[in-house]
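S.K.: Have a look at this one before I ask anything.
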Amino acid sequence: MREKWWRSARLVGAVALPVVVASVVLGPGGLAGVGPEDRQVTFARPAWAAHANDRGPARKNQHVEARIWLSGRHQSELERYERSVSSPHDPLYRRFLSPTDFENRFGPTAAQTSAVTSWLRSAGMQITNETDHYVTASGPVDAAERAFSVSFHTYSGRLMSGISPVDQPRIPASLEQSVLTITGLDRVDSSPGTSLMAPPKGNRWPKPCNSPKAKVDSEIVGQNGRQLPWAPCGYTPQELRTAYGAATSQLTGKGVTVAVVGAYASPTIKSDLTRYSQAHQEPLRPQQYREILSPEWSQVKTCGPRTWYGEETKDVEAVHAMAPDAGIVYLGARDCSPASFNDALLRIVDLHLSDIVSASWGQPTDGYAVQDQLVSHRIFEQGVAEGIGFYFSAGDAGYEDPSSSAGRSSGSQRFQVDYPASDPLITAVGGTSLMLNADDTYAYETSWGQYRLRLKNDAKSGSAPLPGRYPQNWSGGTGGGTSVLYPQPWYQHTVVPSTLSRHLPDGTESSRPMRVVPDVALDADPVTGMLVGETVTTSDGKTAKYAESRSGGTSLSCPLFAGIQALAQQANGKPLGFANPAIYHRYGTSAYHDVTDAPLGADRPVAWAVKRYMNQSNGSGPTTTYVVTTGRDGEGAAKLRAVTGFDDTTGVGSPGPYYLDSYRQFPRRQGG
């Protein structure tokens with residue numbers, strides 16, 4: 001079932017970041033911000049609005065549509081409530097609010113809304129929408145410049161162009177307690193559309209490869225004279241359920257709904273999930289899956305919808321793999337911008353569409369504008385109060401390197417963690433490399449940090465060196481590290497060592513402990529990933545065909561854990577809410593596997609021989625052979641290490657055999 005997008009609207013009729021800071025300026029023209037004590041609103045221009053792309057003042061008749069987000073009431077009380085309602089043993093634990101209760105208790109007042117709309121109208125802006133969260137105002141550039149005391153310029157870059165303020169926007173001092181932030185002042189030139197592209201090209205892997213029940217070593221000899229095994233062919237849902245203790249739990253996620261948030265919507269996502277579920281003996285029930293989509297799409301050239309199809313298909317199939325009876329609702333955002341994702345998240349909390357939310361996207365913190373972070377955090381606060389748990393991928397590029405493609409696109413100049421995963425109200429899911437025994441049971445895991453070396457002439461036998469740990473050999477690894485933005489949340493105080501919480505990415509020491517991610521980890525290595533079924537375009541570019549191939553990334557581990565949480569909620573009989581306090585409460589027990597970098601010993605790295613097609617979308621033709629190692633995520637300033645206990649690559653570890661039972665009864669301490 002596909003539904004069209006809905007926006008919470010009633011037509012007229014405290015976070016870790018500073019919201020507004022004092023700045024003594026005068027509003028131009030005497031209209032906006034009248035008086036000598038205007039307040040500057042924290043605002044970050046997008047990367048495409050760099051000085052080098054500045055093309056001069058914007059035309060005064062160009063259109064601006066801004067959202068003025070309202071602060072609401074009782075921020076200190078809300079912060080205390082979200083902690084109490086999420087903490088085991090607190091008297092308020094799991095005494096969640098309904099969306100209406102939240103609005104009545106913490107939402108903005110009518111007086112706040114009225115004051116904001118009066119100010120905007122006085123500057124010549126038209127009020128086009130009012131909701132329980134924001135006021136939307138539109139008008140020409142000259143009116144917006146008066147209202148927000150800014151100048152707008154036109155910017156044109158290689159991939160994106162549009163208009164953006166040159167200055168920090170300002171509001172009247174009297175509105176300081178009413179306005180959270182302002183979004184929409186930067187506008188990308190993009191023509192909305194209603195149709196999307198055809199299925200993408202596939203990503204196929206040649207044989208030989210291994211299954212748990214039929215392991216075959218290659219004839220390639222690695223370190224210490226050991227023959228390297230071929231990489232796994234891709235784990236099935238049943239194999240992953242067995243590995244993480246779900247198969248023996250008798251839990252299926254029945255009665256629980258998981259929301260998956262992505263950009264756009266693959267035209268074959270439902271048929272692919274249906275076929276996949278049938279192929280793996282867990283067929284979908286009628287109405288078990290539904291979609292809520294934007295009525296139009298934007299930024300198609302910039303975001304590339306087809307690059308999202310496989311990710312969102314993997315998301316829903318991974319949730320179903322772990323929780324085959326859970327309901328799934330997919331929300332397809334208008335584009336891949338934080339503002340559009342926030343619209344999707346806002347709908348979830350306003351309608352309480354699910355108790356569990358899985359999202360496999362994010363970007364380096366510096367690339368996520370401060371105004372969008374403020375809005376996201378406010379949405380997460382509402383979700384926590386309502387008993388909704390948010391699970392985000394920790395990223396696939398280790399400590400986000402400023403020289404990487406993600407770092408360059410964000411304008412970053414430093415190593416950093418991803419957002420939203422690093423928000424203290426989010427469960428950040430990292431990645432491991434998983435190996436199974438012949439009976440599909442858990443053998444071992446190591447942190448996902450992959451180096452690879454291509455063998456000359458597609459060698460099929462003989463001695464081969466392991467990949468050197470050089471940047472050119474690194475091919476991806478779990479996101480993790482220490483936030484420079486968020487102080488250490490309460491649930492990490494007794495678990496995370498100060499050697500991590502005070503050690504910042506630039507090598508300096510923080511004067512106070514900071515948030516460390518990830519919180520938990522599961523299989524994410526593309527070499528040990530899950531079989532994912534998707535309709536793809538064949539090599540002739542004309543024919544679409546369903547195929548299954550191995551896929552990974554923390555965009556796999558995140559929905560896998562969301563599925564496990566659906567099982568845990570079924571076991572407990574109540575919504576879990578924000579999971580981190582309960583996750584850390586179980587630290588050091590048999591609920592988790594303690595994942596390290598060297599599960600086979602310090603002198604024996606985890607390694608495979610891997611076959612790849614020269615053209616992976618083709619599925620035929622010449623192949624190459626690689627030697628791949630895992631278990632060491634980056635080097636130098638960017639290194640992340642999995643050690644005994646909590647670490648910044650796998651958090652508390654991966655779900656162990658007693659994780660799900662722990663939601664029926666508290667688990668046993670290891671060794672006791």
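Every chain in the structure tokens takes a letter, A first, then B, and so on in the order presented; its residues are numbered from 1, and the ligands are numbered from 1 following the presented order.
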Could you give me, as an MDAnalysis selection string, the residues within 10 Å of Gln112 of chain A, counting only C-alpha atoms and dropping anything in the same chain fewer than 5 positions from it?

M.R.: chainID A and resid 70:73 117 175 177:179

S.K.: Got time to write the residues from that selection, N, CA and C atoms, as a PDB file, in the first residue's frame?

M.R.:
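Wrote it out as out-v4.pdb, contents follow:
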```pdb
ATOM      1  N   LEU A  70       9.691  26.667  16.375  1.00  0.00           N
ATOM      2  CA  LEU A  70       9.338  27.213  17.682  1.00  0.00           C
ATOM      3  C   LEU A  70       9.976  26.401  18.808  1.00  0.00           C
ATOM      4  N   SER A  71      10.396  27.083  19.852  1.00  0.00           N
ATOM      5  CA  SER A  71      11.136  26.438  20.936  1.00  0.00           C
ATOM      6  C   SER A  71      10.272  25.559  21.822  1.00  0.00           C
ATOM      7  N   GLY A  72       9.010  25.907  21.964  1.00  0.00           N
ATOM      8  CA  GLY A  72       8.183  25.161  22.902  1.00  0.00           C
ATOM      9  C   GLY A  72       8.424  25.601  24.333  1.00  0.00           C
ATOM     10  N   ARG A  73       7.959  24.773  25.269  1.00  0.00           N
ATOM     11  CA  ARG A  73       7.995  25.138  26.695  1.00  0.00           C
ATOM     12  C   ARG A  73       8.778  24.118  27.510  1.00  0.00           C
ATOM     13  N   THR A 117       4.377  35.131  14.124  1.00  0.00           N
ATOM     14  CA  THR A 117       3.645  35.488  12.902  1.00  0.00           C
ATOM     15  C   THR A 117       3.478  37.003  12.767  1.00  0.00           C
ATOM     16  N   LEU A 175      11.723  37.680  20.819  1.00  0.00           N
ATOM     17  CA  LEU A 175      11.385  36.335  20.355  1.00  0.00           C
ATOM     18  C   LEU A 175      12.450  35.307  20.721  1.00  0.00           C
ATOM     19  N   GLN A 177      13.115  33.539  23.284  1.00  0.00           N
ATOM     20  CA  GLN A 177      12.644  32.335  23.957  1.00  0.00           C
ATOM     21  C   GLN A 177      11.602  31.570  23.138  1.00  0.00           C
ATOM     22  N   SER A 178      11.213  32.120  21.999  1.00  0.00           N
ATOM     23  CA  SER A 178      10.167  31.489  21.182  1.00  0.00           C
ATOM     24  C   SER A 178      10.710  30.756  19.962  1.00  0.00           C
ATOM     25  N   VAL A 179      11.889  31.164  19.475  1.00  0.00           N
ATOM     26  CA  VAL A 179      12.421  30.631  18.225  1.00  0.00           C
ATOM     27  C   VAL A 179      13.561  29.666  18.519  1.00  0.00           C
TER      28      VAL A 179
END
```

S.K.: Considering only C-alpha atoms, return as a PyMOL selection string whatever protein or nucleic-acid residues lie within 9 Å of His320 of chain A, sequence-local ones (same chain, fewer than 4 positions apart) excluded.

M.R.: chain A and resi 237+273+277+282+284+315-316+324-328+559-560+563

S.K.: Would you give me, as JSON lines, each residue of segment 325-381 of chain A having an atom within 10 Å of an atom of segment 251-272 of chain A, along with its shortest atom pair and that distance in Å to one decimal, using only C-alpha atoms and sorting by chain and residue number?

M.R.:
```
{"residue": "A:Asp325", "atom": "CA", "partner": "A:Lys254", "partner_atom": "CA", "distance": 4.8}
{"residue": "A:Ala326", "atom": "CA", "partner": "A:Gly253", "partner_atom": "CA", "distance": 4.5}
{"residue": "A:Gly327", "atom": "CA", "partner": "A:Thr257", "partner_atom": "CA", "distance": 4.3}
{"residue": "A:Ile328", "atom": "CA", "partner": "A:Val258", "partner_atom": "CA", "distance": 5.0}
{"residue": "A:Val329", "atom": "CA", "partner": "A:Ala259", "partner_atom": "CA", "distance": 4.8}
{"residue": "A:Tyr330", "atom": "CA", "partner": "A:Val260", "partner_atom": "CA", "distance": 4.8}
{"residue": "A:Leu331", "atom": "CA", "partner": "A:Val261", "partner_atom": "CA", "distance": 5.0}
{"residue": "A:Gly332", "atom": "CA", "partner": "A:Tyr264", "partner_atom": "CA", "distance": 4.7}
{"residue": "A:Ala333", "atom": "CA", "partner": "A:Ala263", "partner_atom": "CA", "distance": 4.6}
{"residue": "A:Arg334", "atom": "CA", "partner": "A:Tyr264", "partner_atom": "CA", "distance": 6.0}
{"residue": "A:Asp335", "atom": "CA", "partner": "A:Ala263", "partner_atom": "CA", "distance": 5.4}
{"residue": "A:Cys336", "atom": "CA", "partner": "A:Ala263", "partner_atom": "CA", "distance": 5.3}
{"residue": "A:Ser337", "atom": "CA", "partner": "A:Ala263", "partner_atom": "CA", "distance": 8.6}
{"residue": "A:Ser340", "atom": "CA", "partner": "A:Ala263", "partner_atom": "CA", "distance": 8.4}
{"residue": "A:Phe341", "atom": "CA", "partner": "A:Val261", "partner_atom": "CA", "distance": 7.5}
{"residue": "A:Asn342", "atom": "CA", "partner": "A:Val261", "partner_atom": "CA", "distance": 9.9}
{"residue": "A:Ala344", "atom": "CA", "partner": "A:Val261", "partner_atom": "CA", "distance": 7.0}
{"residue": "A:Leu345", "atom": "CA", "partner": "A:Val261", "partner_atom": "CA", "distance": 7.6}
{"residue": "A:Ile348", "atom": "CA", "partner": "A:Ala259", "partner_atom": "CA", "distance": 7.9}
{"residue": "A:Leu353", "atom": "CA", "partner": "A:Ala259", "partner_atom": "CA", "distance": 7.2}
{"residue": "A:Ser354", "atom": "CA", "partner": "A:Thr257", "partner_atom": "CA", "distance": 5.2}
{"residue": "A:Asp355", "atom": "CA", "partner": "A:Thr257", "partner_atom": "CA", "distance": 6.5}
{"residue": "A:Ile356", "atom": "CA", "partner": "A:Val258", "partner_atom": "CA", "distance": 4.9}
{"residue": "A:Val357", "atom": "CA", "partner": "A:Ala259", "partner_atom": "CA", "distance": 4.7}
{"residue": "A:Ser358", "atom": "CA", "partner": "A:Val260", "partner_atom": "CA", "distance": 4.9}
{"residue": "A:Ala359", "atom": "CA", "partner": "A:Val261", "partner_atom": "CA", "distance": 5.3}
{"residue": "A:Ser360", "atom": "CA", "partner": "A:Gly262", "partner_atom": "CA", "distance": 7.4}
{"residue": "A:Trp361", "atom": "CA", "partner": "A:Gly262", "partner_atom": "CA", "distance": 7.6}
```

S.K.: Taking the chain letters and numbering used in this document, name the residues of segment 465-663 of chain A that DSSP puts in helix (DSSP H, G or I), as JSON, numbers by chain.

M.R.: {"A": [471, 472, 473, 490, 491, 492, 498, 499, 500, 501, 526, 527, 528, 554, 555, 556, 557, 558, 559, 560, 561, 562, 563, 564, 565, 566, 567, 568, 569, 570, 571, 572, 580, 581, 582, 583, 584, 585, 636, 637, 638, 661, 662, 663]}

S.K.: Just the residues within 10 Å of Ser190 of chain A, please, counting only C-alpha atoms, with nothing from its chain fewer than 5 positions along; format it as a ChimeraX atom specification.

M.R.: /A:160-162,297-302

S.K.: So the first atom is atom CA of Thr650 of chain A and the second is atom CA of Pro518 of chain A; what is the distance between them in Å, to one decimal place?

M.R.: 6.1 Å

S.K.: For each of A:Pro208, A:Pro88, A:Pro169, A:Gly479, take the minimum atom-to-atom distance to Cys558 of chain A, counting only C-alpha atoms, then give the residue where this is smallest.

M.R.: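 Using only C-alpha atoms, the shortest distance to Cys558 of chain A belongs to A:Gly479.
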
S.K.: Env of Pro471 of chain A: 10 Å cut, atoms = only C-alpha atoms, seq-sep filter 5 positions within chain, self excluded. Answer as an mmCIF file with N, CA and C atoms, in the first residue's frame.

M.R.:
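Result file is result.cif:
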```cif
data_model
loop_
_atom_site.group_PDB
_atom_site.id
_atom_site.type_symbol
_atom_site.label_atom_id
_atom_site.label_comp_id
_atom_site.auth_asym_id
_atom_site.auth_seq_id
_atom_site.Cartn_x
_atom_site.Cartn_y
_atom_site.Cartn_z
ATOM 1 N N TYR A 451 41.087 -3.769 4.446
ATOM 2 C CA TYR A 451 42.168 -3.458 3.509
ATOM 3 C C TYR A 451 42.172 -4.536 2.431
ATOM 4 N N GLY A 634 41.377 1.868 9.964
ATOM 5 C CA GLY A 634 42.133 3.094 9.782
ATOM 6 C C GLY A 634 43.462 3.087 10.514
ATOM 7 N N GLU A 635 44.293 4.087 10.183
ATOM 8 C CA GLU A 635 45.618 4.206 10.776
ATOM 9 C C GLU A 635 45.857 5.649 11.202
#
```

S.K.: With only C-alpha atoms as the counted atoms, please give the residues lying no more than 12 Å from Pro487 of chain A, apart from itself and same-chain residues fewer than 6 positions off, as an MDAnalysis selection string.

M.R.: chainID A and resid 15:17 422:425 493 501:502 504 510:516

S.K.: Filtering to C-alpha atoms, could you give me those residues as a CSV table (one decimal), in the first residue's frame?

M.R.:
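Full text of selection.csv as output:
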```
chain,number,residue,atom,x,y,z
A,15,VAL,CA,19.8,21.1,23.3
A,16,ALA,CA,23.6,20.7,23.5
A,17,LEU,CA,24.1,23.4,20.9
A,422,SER,CA,26.3,10.8,17.3
A,423,ASP,CA,23.3,12.6,18.7
A,424,PRO,CA,23.0,11.5,22.4
A,425,LEU,CA,19.3,10.4,21.8
A,493,HIS,CA,29.3,7.6,32.4
A,501,SER,CA,35.6,10.1,25.9
A,502,ARG,CA,38.3,12.7,26.4
A,504,LEU,CA,39.4,14.1,20.5
A,510,SER,CA,39.0,17.4,26.1
A,511,SER,CA,38.4,19.1,29.4
A,512,ARG,CA,35.2,17.1,29.8
A,513,PRO,CA,34.1,13.6,28.6
A,514,MET,CA,32.3,13.6,25.2
A,515,ARG,CA,29.9,11.3,23.4
A,516,VAL,CA,31.5,8.2,21.9
```

S.K.: A:Gln75, A:Thr136, A:Thr644, A:Ser590: which is nearest Phe106 of chain A, counting only C-alpha atoms?

M.R.: A:Gln75

S.K.: Restricting the calculation to only C-alpha atoms: of A:Asp661, A:Asp648, A:Asp186, A:Glu548, which residue gets closest to Ala568 of chain A?

M.R.: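 When distances to Ala568 of chain A are compared using only C-alpha atoms, the smallest one comes from A:Asp661.
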